[in-house]
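A.B. asks: This is run.cif (mmCIF, C-alpha atoms and all ligand atoms).
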data_start
#
loop_
_atom_site.label_atom_id
_atom_site.label_comp_id
_atom_site.auth_asym_id
_atom_site.auth_seq_id
_atom_site.Cartn_x
_atom_site.Cartn_y
_atom_site.Cartn_z
CA MET A 1 -16.84 -28.83 -3.32
CA ILE A 2 -15.97 -25.52 -4.90
CA TYR A 3 -17.06 -22.92 -2.40
CA LEU A 4 -17.98 -19.50 -3.82
CA ASP A 5 -20.27 -18.27 -1.05
CA HIS A 6 -17.85 -16.50 1.30
CA ASN A 7 -20.19 -13.54 1.81
CA ALA A 8 -22.48 -15.98 3.66
CA THR A 9 -19.61 -17.39 5.68
CA SER A 10 -16.08 -18.54 4.98
CA VAL A 11 -13.94 -21.31 6.46
CA LEU A 12 -11.37 -20.69 9.17
CA ARG A 13 -7.90 -19.81 7.94
CA PRO A 14 -5.23 -22.19 9.25
CA ALA A 15 -3.50 -19.39 11.20
CA VAL A 16 -6.82 -18.45 12.84
CA ARG A 17 -7.54 -22.06 13.75
CA GLU A 18 -4.07 -22.43 15.28
CA ALA A 19 -4.41 -19.22 17.30
CA MET A 20 -7.77 -20.38 18.65
CA HIS A 21 -6.52 -23.90 19.28
CA ALA A 22 -3.63 -22.50 21.34
CA VAL A 23 -6.06 -21.02 23.91
CA GLU A 24 -9.17 -23.16 23.75
CA ALA A 25 -8.12 -25.50 26.58
CA LEU A 26 -7.36 -22.59 28.95
CA PRO A 27 -9.87 -21.29 31.52
CA LEU A 28 -10.15 -17.78 30.12
CA ASN A 29 -12.59 -15.50 31.89
CA ALA A 30 -11.28 -11.95 31.68
CA SER A 31 -13.25 -10.98 34.80
CA SER A 32 -11.51 -13.51 37.08
CA VAL A 33 -8.83 -12.11 39.37
CA HIS A 34 -6.54 -15.17 39.38
CA ALA A 35 -3.69 -15.81 36.96
CA GLY A 36 -6.01 -17.40 34.37
CA GLY A 37 -8.23 -14.33 34.45
CA ARG A 38 -5.29 -11.96 34.19
CA LYS A 39 -4.02 -13.89 31.18
CA ALA A 40 -7.48 -13.68 29.59
CA LYS A 41 -7.64 -9.93 30.24
CA GLN A 42 -4.22 -9.44 28.71
CA LEU A 43 -5.19 -11.40 25.55
CA LEU A 44 -8.49 -9.54 25.32
CA GLU A 45 -6.92 -6.10 25.57
CA ALA A 46 -4.14 -6.96 23.12
CA ALA A 47 -6.81 -7.97 20.59
CA ARG A 48 -8.76 -4.78 21.26
CA ARG A 49 -5.62 -2.69 20.66
CA ALA A 50 -4.94 -4.52 17.39
CA PHE A 51 -8.46 -3.75 16.12
CA ALA A 52 -8.16 -0.16 17.31
CA GLU A 53 -5.01 0.26 15.26
CA HIS A 54 -6.64 -1.39 12.25
CA PHE A 55 -9.60 1.02 12.23
CA SER A 56 -7.62 4.05 13.51
CA VAL A 57 -9.75 4.41 16.65
CA PHE A 58 -9.06 4.22 20.39
CA ALA A 59 -9.11 0.80 22.04
CA HIS A 60 -11.82 1.82 24.50
CA GLU A 61 -14.09 2.61 21.55
CA ILE A 62 -14.38 -1.07 20.61
CA ILE A 63 -17.12 -3.19 22.22
CA PHE A 64 -16.96 -6.91 21.47
CA THR A 65 -20.24 -8.74 20.85
CA ALA A 66 -21.19 -12.20 19.56
CA SER A 67 -22.06 -11.07 16.02
CA ALA A 68 -22.44 -8.03 13.82
CA THR A 69 -26.19 -8.61 13.98
CA GLU A 70 -26.01 -8.10 17.73
CA ALA A 71 -23.78 -5.03 17.40
CA ASN A 72 -26.16 -3.49 14.84
CA ASN A 73 -29.16 -4.23 17.07
CA MET A 74 -27.39 -2.77 20.06
CA LEU A 75 -26.77 0.50 18.28
CA LEU A 76 -30.18 0.91 16.65
CA ARG A 77 -32.14 -0.12 19.74
CA ALA A 78 -30.06 2.17 21.98
CA LEU A 79 -30.50 5.23 19.79
CA ALA A 80 -34.06 4.70 18.55
CA PRO A 81 -35.75 6.30 21.57
CA SER A 82 -33.84 9.55 21.09
CA HIS A 83 -32.99 9.53 17.36
CA ARG A 84 -34.85 9.10 14.06
CA LEU A 85 -33.30 6.14 12.24
CA LEU A 86 -32.59 6.61 8.53
CA VAL A 87 -31.33 3.51 6.70
CA ALA A 88 -30.59 2.74 3.06
CA ALA A 89 -33.07 0.50 1.25
CA SER A 90 -30.25 -1.93 0.42
CA GLU A 91 -29.13 -2.56 4.02
CA HIS A 92 -28.75 -6.07 5.40
CA PRO A 93 -31.98 -7.26 7.09
CA CYS A 94 -30.41 -6.95 10.54
CA ILE A 95 -30.31 -3.18 9.97
CA LYS A 96 -33.28 -2.68 7.68
CA ASN A 97 -35.81 -4.87 9.51
CA THR A 98 -34.66 -3.67 12.92
CA ALA A 99 -34.91 -0.02 11.88
CA LEU A 100 -38.36 -0.55 10.38
CA GLN A 101 -39.51 -2.27 13.56
CA LEU A 102 -38.30 0.78 15.48
CA GLY A 103 -40.15 3.24 13.25
CA GLY A 104 -37.14 4.07 11.06
CA VAL A 105 -37.25 5.58 7.59
CA VAL A 106 -35.84 3.98 4.43
CA MET A 107 -33.74 6.04 2.01
CA ALA A 108 -33.70 5.29 -1.70
CA VAL A 109 -30.75 3.95 -3.68
CA ASP A 110 -30.13 4.43 -7.40
CA GLU A 111 -30.01 1.75 -10.09
CA GLN A 112 -26.42 0.89 -9.07
CA GLY A 113 -27.32 0.64 -5.38
CA ARG A 114 -25.68 3.96 -4.43
CA LEU A 115 -27.50 5.90 -1.74
CA LYS A 116 -29.42 8.77 -3.35
CA LEU A 117 -27.72 11.70 -1.69
CA GLU A 118 -30.58 14.04 -2.52
CA ASP A 119 -32.97 11.71 -0.65
CA LEU A 120 -30.62 11.63 2.36
CA GLU A 121 -30.43 15.40 2.34
CA ALA A 122 -34.21 15.87 1.89
CA LYS A 123 -34.98 13.46 4.74
CA LEU A 124 -32.47 15.12 7.07
CA ALA A 125 -33.79 18.58 6.17
CA ALA A 126 -37.37 17.44 6.89
CA LEU A 127 -36.35 16.45 10.41
CA SER A 128 -35.55 20.12 11.12
CA GLY A 129 -32.89 19.38 13.70
CA THR A 130 -34.46 16.28 15.36
CA PRO A 131 -31.51 14.04 16.31
CA ALA A 132 -30.96 11.35 13.69
CA LEU A 133 -28.83 8.27 13.13
CA VAL A 134 -28.06 7.47 9.49
CA SER A 135 -26.99 3.90 8.78
CA VAL A 136 -25.42 3.04 5.42
CA MET A 137 -23.36 -0.08 4.83
CA LEU A 138 -19.85 0.31 3.44
CA VAL A 139 -19.98 -2.68 1.05
CA ASN A 140 -23.19 -4.36 -0.05
CA ASN A 141 -23.28 -8.06 0.75
CA GLU A 142 -25.14 -8.99 -2.44
CA THR A 143 -23.65 -6.82 -5.18
CA GLY A 144 -20.32 -5.80 -3.60
CA MET A 145 -21.08 -2.13 -4.28
CA VAL A 146 -19.00 0.32 -2.22
CA GLN A 147 -20.92 3.32 -0.87
CA ASN A 148 -19.35 6.77 -0.89
CA LEU A 149 -19.22 7.09 2.88
CA ALA A 150 -17.03 10.21 2.90
CA GLU A 151 -19.66 12.11 0.91
CA ILE A 152 -22.51 10.70 3.01
CA SER A 153 -20.59 11.77 6.12
CA ARG A 154 -20.20 15.30 4.79
CA ILE A 155 -23.99 15.58 4.45
CA THR A 156 -24.87 13.95 7.78
CA ARG A 157 -22.41 16.26 9.54
CA ALA A 158 -23.91 19.31 7.89
CA TYR A 159 -27.25 18.33 9.46
CA GLY A 160 -25.76 17.31 12.82
CA ALA A 161 -26.80 13.68 12.37
CA LYS A 162 -24.77 10.68 13.50
CA LEU A 163 -23.47 8.19 10.96
CA HIS A 164 -23.14 4.42 11.29
CA SER A 165 -21.71 2.00 8.77
CA ASP A 166 -22.16 -1.76 8.73
CA ALA A 167 -18.69 -2.76 7.52
CA VAL A 168 -19.16 -6.55 7.71
CA GLN A 169 -18.49 -7.09 4.00
CA ALA A 170 -15.73 -4.48 3.87
CA PHE A 171 -13.61 -5.74 6.76
CA GLY A 172 -10.49 -7.41 5.40
CA LYS A 173 -11.35 -6.51 1.81
CA MET A 174 -10.36 -2.86 1.86
CA ARG A 175 -8.52 -0.52 4.21
CA ILE A 176 -10.90 1.09 6.69
CA ASP A 177 -10.02 4.22 8.63
CA ALA A 178 -13.02 5.31 10.71
CA GLY A 179 -11.81 8.93 10.76
CA VAL A 180 -11.32 9.11 6.99
CA LEU A 181 -14.78 7.60 6.44
CA GLY A 182 -16.20 10.13 8.88
CA VAL A 183 -18.37 7.62 10.76
CA ASP A 184 -19.43 7.78 14.41
CA PHE A 185 -20.16 4.05 14.57
CA LEU A 186 -18.94 1.00 12.69
CA THR A 187 -19.80 -2.68 13.01
CA PHE A 188 -17.90 -5.69 11.76
CA SER A 189 -17.56 -9.42 12.28
CA ALA A 190 -14.94 -11.92 11.16
CA HIS A 191 -16.55 -15.00 9.64
CA LYS A 192 -16.82 -13.69 6.06
CA ILE A 193 -13.05 -13.65 5.68
CA GLY A 194 -11.84 -16.76 7.49
CA GLY A 195 -12.37 -15.73 11.10
CA PRO A 196 -14.69 -17.40 13.62
CA VAL A 197 -18.46 -17.21 13.82
CA GLY A 198 -19.51 -15.92 17.27
CA PHE A 199 -17.48 -12.73 17.07
CA GLY A 200 -18.68 -9.22 16.29
CA ALA A 201 -17.92 -5.69 17.40
CA LEU A 202 -19.36 -2.23 17.61
CA VAL A 203 -16.91 0.62 17.21
CA MET A 204 -18.35 3.68 18.93
CA ARG A 205 -16.47 6.90 18.42
CA SER A 206 -19.24 8.61 20.33
CA ASP A 207 -20.92 6.81 23.22
CA GLN A 208 -23.61 9.38 23.75
CA GLY A 209 -26.95 7.62 24.15
CA ILE A 210 -25.50 4.11 23.92
CA VAL A 211 -27.02 1.69 26.42
CA PRO A 212 -26.43 -2.05 26.57
CA LEU A 213 -28.68 -4.47 24.75
CA VAL A 214 -27.51 -7.27 27.02
CA THR A 215 -27.25 -6.44 30.72
CA GLY A 216 -25.67 -8.38 33.54
CA GLY A 217 -22.02 -8.24 34.66
CA GLY A 218 -19.87 -5.26 33.83
CA GLN A 219 -18.01 -6.74 30.88
CA GLU A 220 -17.04 -4.50 27.96
CA ARG A 221 -17.19 -1.41 30.17
CA GLY A 222 -20.78 -2.25 31.01
CA TYR A 223 -21.90 -1.99 27.39
CA ARG A 224 -22.20 -5.71 26.74
CA ALA A 225 -22.62 -8.18 29.57
CA GLY A 226 -21.55 -11.81 29.26
CA THR A 227 -18.18 -13.52 29.52
CA GLU A 228 -16.09 -12.50 26.54
CA ASN A 229 -15.46 -15.25 23.97
CA ILE A 230 -11.68 -14.98 24.19
CA ALA A 231 -10.93 -17.77 21.70
CA ALA A 232 -13.15 -16.15 19.06
CA ILE A 233 -11.73 -12.69 19.76
CA ILE A 234 -8.19 -14.04 19.45
CA GLY A 235 -9.09 -15.83 16.23
CA ALA A 236 -10.62 -12.68 14.79
CA ALA A 237 -7.60 -10.58 15.80
CA GLU A 238 -5.29 -13.14 14.19
CA LEU A 239 -6.83 -12.14 10.85
CA LEU A 240 -5.11 -8.78 11.21
CA SER A 241 -1.71 -10.48 11.29
CA CYS A 242 -2.24 -13.18 8.69
CA MET A 243 -4.14 -11.24 6.01
CA ASP A 244 -2.49 -9.23 3.27
CA ILE A 245 -5.46 -7.05 2.38
CA ASP A 246 -4.00 -5.42 -0.72
CA LYS A 247 -2.58 -8.63 -2.16
CA GLU A 248 -5.66 -10.75 -1.47
CA ASN A 249 -7.99 -8.20 -2.91
CA ALA A 250 -5.94 -7.63 -6.01
CA GLN A 251 -6.08 -11.39 -6.53
CA ALA A 252 -9.87 -11.52 -5.93
CA ARG A 253 -10.39 -8.66 -8.37
CA ARG A 254 -8.29 -10.39 -11.00
CA LEU A 255 -10.33 -13.60 -10.61
CA ARG A 256 -13.57 -11.61 -10.74
CA THR A 257 -12.53 -9.88 -13.96
CA GLU A 258 -11.55 -13.19 -15.54
CA LEU A 259 -14.77 -14.80 -14.39
CA ILE A 260 -16.83 -12.07 -16.04
CA ALA A 261 -14.96 -12.59 -19.30
CA LEU A 262 -15.49 -16.37 -19.15
CA LEU A 263 -19.21 -16.04 -18.43
CA ARG A 264 -19.88 -13.31 -20.96
CA ALA A 265 -18.21 -15.41 -23.66
CA HIS A 266 -21.21 -17.77 -23.31
CA VAL A 267 -23.92 -15.35 -22.20
CA PRO A 268 -23.12 -11.97 -23.76
CA HIS A 269 -26.29 -10.39 -22.34
CA MET A 270 -25.65 -11.56 -18.79
CA PRO A 271 -26.59 -8.72 -16.45
CA ILE A 272 -24.01 -7.74 -13.85
CA TYR A 273 -25.56 -5.83 -11.00
CA ALA A 274 -23.91 -2.59 -9.83
CA GLU A 275 -21.70 -2.88 -12.92
CA GLN A 276 -21.29 0.88 -13.25
CA ALA A 277 -20.46 1.43 -9.58
CA GLU A 278 -17.31 0.85 -7.57
CA THR A 279 -17.43 -2.73 -6.28
CA ILE A 280 -15.30 -4.79 -3.93
CA GLY A 281 -13.08 -7.42 -5.59
CA ASN A 282 -14.63 -10.59 -4.20
CA THR A 283 -18.33 -10.17 -5.02
CA LEU A 284 -20.17 -10.61 -8.29
CA MET A 285 -23.93 -10.63 -8.77
CA ILE A 286 -25.12 -11.78 -12.16
CA GLY A 287 -28.26 -13.08 -13.81
CA MET A 288 -29.03 -15.79 -16.33
CA PRO A 289 -31.81 -14.48 -18.58
CA GLY A 290 -34.85 -16.74 -18.48
CA VAL A 291 -33.54 -19.09 -15.77
CA GLY A 292 -34.59 -18.74 -12.13
CA SER A 293 -31.93 -18.46 -9.47
CA GLU A 294 -33.20 -21.60 -7.78
CA THR A 295 -32.58 -23.64 -10.95
CA GLN A 296 -29.08 -22.18 -11.20
CA LEU A 297 -28.30 -22.92 -7.54
CA ILE A 298 -29.55 -26.51 -7.80
CA HIS A 299 -27.61 -27.07 -11.03
CA CYS A 300 -24.42 -25.71 -9.44
CA ASP A 301 -25.02 -27.70 -6.25
CA MET A 302 -25.44 -30.90 -8.27
CA HIS A 303 -22.02 -30.17 -9.77
CA ALA A 304 -20.49 -29.51 -6.33
CA VAL A 305 -20.32 -25.74 -6.70
CA ALA A 306 -21.75 -23.57 -3.90
CA VAL A 307 -23.08 -20.12 -4.77
CA SER A 308 -26.07 -18.24 -3.45
CA ALA A 309 -29.09 -16.20 -4.43
CA GLY A 310 -28.86 -12.95 -2.54
CA SER A 311 -28.21 -12.98 1.17
CA ALA A 312 -27.84 -16.20 3.15
CA CYS A 313 -30.66 -15.21 5.48
CA SER A 314 -33.14 -15.63 2.66
CA SER A 315 -31.51 -18.58 0.90
CA GLY A 316 -33.88 -21.09 2.52
CA LYS A 317 -36.79 -19.42 0.73
CA ILE A 318 -35.74 -17.82 -2.49
CA THR A 319 -37.56 -14.54 -2.92
CA PRO A 320 -36.27 -11.73 -5.14
CA SER A 321 -33.41 -9.85 -3.52
CA HIS A 322 -34.60 -6.70 -1.72
CA VAL A 323 -31.34 -5.08 -2.82
CA LEU A 324 -32.09 -5.62 -6.51
CA LEU A 325 -35.70 -4.52 -6.06
CA ALA A 326 -34.47 -1.34 -4.35
CA MET A 327 -32.20 -0.78 -7.37
CA GLY A 328 -35.29 -0.90 -9.59
CA VAL A 329 -34.61 -4.34 -11.10
CA PRO A 330 -37.96 -5.87 -12.18
CA PRO A 331 -38.98 -8.75 -9.82
CA GLU A 332 -38.91 -11.35 -12.62
CA GLN A 333 -35.33 -10.40 -13.52
CA ALA A 334 -34.31 -10.22 -9.86
CA GLN A 335 -35.50 -13.84 -9.49
CA GLN A 336 -32.77 -14.83 -11.98
CA ALA A 337 -29.86 -13.38 -10.01
CA ILE A 338 -27.16 -15.29 -8.22
CA ARG A 339 -24.20 -14.16 -6.14
CA ILE A 340 -20.67 -15.45 -6.46
CA SER A 341 -18.45 -14.42 -3.55
CA LEU A 342 -14.79 -15.33 -3.51
CA GLY A 343 -12.64 -15.91 -0.45
CA TRP A 344 -9.13 -16.43 0.81
CA ASN A 345 -8.80 -20.00 -0.50
CA ASN A 346 -10.26 -19.70 -4.01
CA THR A 347 -8.15 -20.32 -7.07
CA GLN A 348 -8.24 -19.79 -10.82
CA ALA A 349 -9.34 -23.44 -11.19
CA ASP A 350 -12.40 -22.73 -9.00
CA ILE A 351 -13.70 -19.92 -11.16
CA GLU A 352 -13.01 -21.89 -14.33
CA GLN A 353 -15.03 -24.81 -12.97
CA PHE A 354 -17.90 -22.53 -11.94
CA ALA A 355 -17.85 -20.90 -15.39
CA ARG A 356 -18.02 -24.35 -17.05
CA VAL A 357 -20.90 -25.52 -14.88
CA TRP A 358 -22.94 -22.33 -15.12
CA SER A 359 -22.37 -21.87 -18.87
CA GLU A 360 -23.44 -25.45 -19.51
CA LEU A 361 -26.86 -24.61 -18.04
CA ALA A 362 -27.06 -21.42 -20.09
CA LEU A 363 -26.18 -23.32 -23.29
CA ARG A 364 -28.72 -26.03 -22.49
CA LYS A 365 -31.36 -23.36 -21.97
CA ALA A 366 -30.41 -21.64 -25.25
CA SER A 367 -30.56 -24.85 -27.26
CA ALA A 368 -33.98 -25.74 -25.75
CA ALA A 369 -35.41 -22.34 -26.72
N1 LIG A 401 -24.22 -7.05 7.73
C1 LIG A 401 -23.91 -7.53 6.53
C2 LIG A 401 -23.65 -6.58 5.42
C3 LIG A 401 -23.79 -8.91 6.32
O1 LIG A 401 -23.46 -9.37 5.12
C4 LIG A 401 -24.04 -9.78 7.40
C5 LIG A 401 -24.00 -11.24 7.22
O2 LIG A 401 -24.46 -11.75 6.21
C6 LIG A 401 -24.36 -9.23 8.64
C7 LIG A 401 -24.44 -7.86 8.78
C8 LIG A 401 -24.59 -10.08 9.85
O3 LIG A 401 -23.34 -10.45 10.36
P1 LIG A 401 -23.22 -11.57 11.48
O4 LIG A 401 -23.32 -12.88 10.78
O5 LIG A 401 -21.88 -11.35 12.09
O6 LIG A 401 -24.30 -11.37 12.44
#
For this file, produce the structure as structure tokens.
C.D. replies:
Amino acid sequence: MIYLDHNATSVLRPAVREAMHAVEALPLNASSVHAGGRKAKQLLEAARRAFAEHFSVFAHEIIFTASATEANNMLLRALAPSHRLLVAASEHPCIKNTALQLGGVVMAVDEQGRLKLEDLEAKLAALSGTPALVSVMLVNNETGMVQNLAEISRITRAYGAKLHSDAVQAFGKMRIDAGVLGVDFLTFSAHKIGGPVGFGALVMRSDQGIVPLVTGGGQERGYRAGTENIAAIIGAAELLSCMDIDKENAQARRLRTELIALLRAHVPHMPIYAEQAETIGNTLMIGMPGVGSETQLIHCDMHAVAVSAGSACSSGKITPSHVLLAMGVPPEQAQQAIRISLGWNNTQADIEQFARVWSELALRKASAA
């Protein structure tokens, strides 16, 4: 199978699998006082330091969780009682739905998916000093669009609001310095880039108002109870040693550019979403005029090519992407969009095969018209 759905989840990199395999038979509970526990604690803290260095934060600012969904929930649910939640309309459902459930407010994005800064500013001004948490993802999981966090941070700071960024689709695909981005909170996980599922983290550069979502023992400085998943944490930290971010992303961008050229040769009017915005190298969201995304997915699946329509959470029931709708794409056109997301093990041959399979459907459709 040709797998082009890494933004849903990827496959473990060999180095990650080896690192996890090396510890999975050990009794690793970082809270135990015996030698096994001390070993676990040492591995856990080494991983925390590696992530701290990666994001330019302090080690104690990183709280490990079991997923980014959990980390996002932890943050929003902790701050909702004391802060107004302002989230972008294009956020992942684990932010958007959670914020809406908690009485949060949705901010508009433009036709490229960029947060409308004037809407952010108007909504912050209307709060007249009420504490607020603004949550804007760094890279969109459907279109790959990169938000201008530094500018968003400048505005949130001017109004004294806190800023969070869901960096799940940015981690490993671009360099992330929490200070340069100007965020107070950051979340990430590892399974989109060849790390394990079952790992996530909340980076909190300010712990004011943060309370645990999961209570129990005093793990993670009391912020997240439950025995730490040392094998997953080690696997995720191994990514930092085995990835070459610049090289891998230059390669993904090259493949993306070639893929666009191959597809447009057959479908010149193929829409590319967020085409005018800055996008990450691995993600491409396109449409096939007149053909529903479900038909495209089934056709690709029948030819052993895996792609997706929007986010994985909604791939069981294909409804138009909320991201595209927020960008003002008409529902009928949004129903024709699919997402191609490249990963660490994709090759030139993979994109050529996808281009052949997808174009064949487009040509069949054109000749039937
Ligand atoms: N945020 C974004 C932008 C995502 O793409 C995803 C996964 O699709 C998540 C959050 C959820 O991450 P996790 O699977 O680690 O819970």
A.B. asks: Would you work out the distance separating CA of Leu79 (chain A) from CA of Ala326 (chain A), expressed in Å to one decimal?
C.D. replies: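 Value for the CA of Leu79 (chain A)-CA of Ala326 (chain A) distance: 25.3 Å.
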A.B. asks: Compute the set of protein, DNA and RNA residues whose minimum atom distance to ligand LIG 401 (chain A) is at most 6 Å, using all atoms listed in the file, and state it as a PyMOL selection string.
C.D. replies: chain A and resi 8+67-69+92+140-141+166+168-169+189+200
A.B. asks: Counting all atoms listed in the file, find residues at most 10 Å from (-11.0, -7.7, -8.9) (file frame) and give them as an mmCIF file with C-alpha atoms, in the frame of the given file.
C.D. replies:
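New file selection_11.cif:
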data_model
loop_
_atom_site.group_PDB
_atom_site.id
_atom_site.type_symbol
_atom_site.label_atom_id
_atom_site.label_comp_id
_atom_site.auth_asym_id
_atom_site.auth_seq_id
_atom_site.Cartn_x
_atom_site.Cartn_y
_atom_site.Cartn_z
ATOM 1 C CA GLU A 248 -5.660 -10.750 -1.470
ATOM 2 C CA ASN A 249 -7.990 -8.200 -2.910
ATOM 3 C CA ALA A 250 -5.940 -7.630 -6.010
ATOM 4 C CA GLN A 251 -6.080 -11.390 -6.530
ATOM 5 C CA ALA A 252 -9.870 -11.520 -5.930
ATOM 6 C CA ARG A 253 -10.390 -8.660 -8.370
ATOM 7 C CA ARG A 254 -8.290 -10.390 -11.000
ATOM 8 C CA LEU A 255 -10.330 -13.600 -10.610
ATOM 9 C CA ARG A 256 -13.570 -11.610 -10.740
ATOM 10 C CA THR A 257 -12.530 -9.880 -13.960
ATOM 11 C CA GLU A 258 -11.550 -13.190 -15.540
ATOM 12 C CA LEU A 259 -14.770 -14.800 -14.390
ATOM 13 C CA THR A 279 -17.430 -2.730 -6.280
ATOM 14 C CA ILE A 280 -15.300 -4.790 -3.930
ATOM 15 C CA GLY A 281 -13.080 -7.420 -5.590
ATOM 16 C CA ASN A 282 -14.630 -10.590 -4.200
ATOM 17 C CA THR A 283 -18.330 -10.170 -5.020
ATOM 18 C CA LEU A 284 -20.170 -10.610 -8.290
#
A.B. asks: Between CA of Leu26 (chain A) and CA of Gly222 (chain A), measure the distance and give it in Å to one decimal.
C.D. replies: 24.5 Å
A.B. asks: Have a look at A:Val33, A:Ala66, A:Gly328, A:Arg13 and name the one nearest to Glu228 (chain A); count only C-alpha atoms.
C.D. replies: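 Among the listed residues, the smallest separation from Glu228 (chain A) belongs to A:Ala66.
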A.B. asks: Quick one: distance from CA of Asp5 (chain A) to CA of Arg17 (chain A) in Å, one decimal?
C.D. replies: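 Computing the Euclidean distance for CA of Asp5 (chain A) and CA of Arg17 (chain A) yields 19.9 Å.
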A.B. asks: Near region 82-87 of chain A, within 6 Å and counting all atoms listed in the file, which residues show up once chain neighbours fewer than 4 positions away are dropped, as a count of residues only?
C.D. replies: 9
A.B. asks: So which residues touch Ala261 (chain A) within 12 Å, counting all atoms listed in the file, skipping near sequence neighbours fewer than 6 positions away, as a ChimeraX atom specification?
C.D. replies: /A:254-255,267-270,272,351-352,355,359
A.B. asks: Taking 5 positions as the minimum chain separation for residues in the same chain, which residues sit within 9 Å of Asp246 (chain A) when counting only C-alpha atoms? Answer as a ChimeraX atom specification.
C.D. replies: /A:173-175,251
A.B. asks: Using only C-alpha atoms, determine which residues lie at most 6 Å from His6 (chain A), disregarding the query and same-chain residues fewer than 3 positions distant; provide the list as an MDAnalysis selection string.
C.D. replies: chainID A and resid 9:10 192 341:343
A.B. asks: Residues within 6 Å of (-27.1, 7.2, 21.2), file coordinates, counting only C-alpha atoms: what are they? Give the list as a PyMOL selection string.
C.D. replies: chain A and resi 78-79+208-210
A.B. asks: Have a look at A:His164, A:His60, A:Asp184, A:Trp358 and name the one nearest to Ala304 (chain A); count all atoms listed in the file.
C.D. replies: A:Trp358
A.B. asks: Report as a tab-separated table the residues of region 170-224 of chain A within 12 Å of region 43-47 of chain A, each with its shortest atom pair and distance in Å (one decimal), using all atoms listed in the file, ordered by chain and increasing residue number.
C.D. replies:
residue	atom	partner	partner_atom	distance
A:Ala201	CA	A:Ala47	CA	11.8
A:Gln219	CA	A:Leu44	CA	11.4
A:Glu220	CA	A:Leu44	CA	10.3
A.B. asks: What lies within 12 Å of Thr295 (chain A) using all atoms listed in the file, ignoring chain neighbours under 5 positions off, as a list in words?
C.D. replies: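 In the requested format, the answer is Gly287, Met288, Pro289, Gly290, Cys300, Asp301, Met302, Val307, Ser308, Ala309, Ile318, Gln335, Gln336, Ala337, Ile338, Trp358, Leu361, Ala362 and Lys365 of chain A.
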A.B. asks: First collect every listed atom of region 87-94 of chain A; then fit an axis-aligned box around them, widen it by 4 Å on each side, and give centre and edge lengths in Å to one decimal, as AutoDock Vina command-line options.
C.D. replies:
--center_x -30.9 --center_y -1.9 --center_z 5.5 --size_x 12.3 --size_y 18.8 --size_z 18.1
A.B. asks: May I have a table of the residues of region 285-354 of chain A lying at most 12 Å from region 111-127 of chain A, giving each one's closest pair of atoms and their distance in Å to one decimal, counting only C-alpha atoms, ordered by chain and ascending residue number, as JSON lines?
C.D. replies:
{"residue": "A:Met285", "atom": "CA", "partner": "A:Gln112", "partner_atom": "CA", "distance": 11.8}
{"residue": "A:His322", "atom": "CA", "partner": "A:Gly113", "partner_atom": "CA", "distance": 11.0}
{"residue": "A:Val323", "atom": "CA", "partner": "A:Gly113", "partner_atom": "CA", "distance": 7.4}
{"residue": "A:Leu324", "atom": "CA", "partner": "A:Gly113", "partner_atom": "CA", "distance": 8.0}
{"residue": "A:Leu325", "atom": "CA", "partner": "A:Glu111", "partner_atom": "CA", "distance": 9.4}
{"residue": "A:Ala326", "atom": "CA", "partner": "A:Gly113", "partner_atom": "CA", "distance": 7.5}
{"residue": "A:Met327", "atom": "CA", "partner": "A:Glu111", "partner_atom": "CA", "distance": 4.3}
{"residue": "A:Gly328", "atom": "CA", "partner": "A:Glu111", "partner_atom": "CA", "distance": 5.9}
{"residue": "A:Val329", "atom": "CA", "partner": "A:Glu111", "partner_atom": "CA", "distance": 7.7}
{"residue": "A:Pro330", "atom": "CA", "partner": "A:Glu111", "partner_atom": "CA", "distance": 11.2}
A.B. asks: Counting all atoms listed in the file, which residue out of A:Ala306, A:Leu262, A:Ala368, A:Ala274 sits closest to Arg356 (chain A)?
C.D. replies: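 Smallest separation from Arg356 (chain A) among the options: A:Leu262.
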A.B. asks: Go through A:Val23, A:Ala366, A:Ala50, A:Leu138 and flag the residue nearest His266 (chain A), using all atoms listed in the file for the distances.
C.D. replies: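 So, comparing all the options, the nearest one is A:Ala366.
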A.B. asks: So which one's closest to Ala232 (chain A), A:Val57, A:Glu24, A:Ile2, A:Asn29? Using only C-alpha atoms, please.
C.D. replies: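 When distances to Ala232 (chain A) are compared using only C-alpha atoms, the smallest one comes from A:Glu24.
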A.B. asks: With only C-alpha atoms as the atoms that count, which of A:Lys96, A:Arg221, A:Arg339, A:Arg154 lies nearest to Tyr273 (chain A)?
C.D. replies: A:Arg339
A.B. asks: With N, CA and C atoms as the target, complete region 175-179 of chain A and hand it back as an mmCIF file, in the frame of the given file.
C.D. replies:
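Dumped everything to result_9.cif:
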data_model
loop_
_atom_site.group_PDB
_atom_site.id
_atom_site.type_symbol
_atom_site.label_atom_id
_atom_site.label_comp_id
_atom_site.auth_asym_id
_atom_site.auth_seq_id
_atom_site.Cartn_x
_atom_site.Cartn_y
_atom_site.Cartn_z
ATOM 1 N N ARG A 175 -9.019 -1.195 3.004
ATOM 2 C CA ARG A 175 -8.520 -0.520 4.210
ATOM 3 C C ARG A 175 -9.638 0.372 4.761
ATOM 4 N N ILE A 176 -9.815 0.320 6.070
ATOM 5 C CA ILE A 176 -10.900 1.090 6.690
ATOM 6 C C ILE A 176 -10.321 1.968 7.790
ATOM 7 N N ASP A 177 -10.441 3.271 7.603
ATOM 8 C CA ASP A 177 -10.020 4.220 8.630
ATOM 9 C C ASP A 177 -11.292 4.975 9.035
ATOM 10 N N ALA A 178 -11.730 4.751 10.287
ATOM 11 C CA ALA A 178 -13.020 5.310 10.710
ATOM 12 C C ALA A 178 -13.033 6.835 10.580
ATOM 13 N N GLY A 179 -11.875 7.475 10.835
ATOM 14 C CA GLY A 179 -11.810 8.930 10.760
ATOM 15 C C GLY A 179 -11.935 9.405 9.313
#
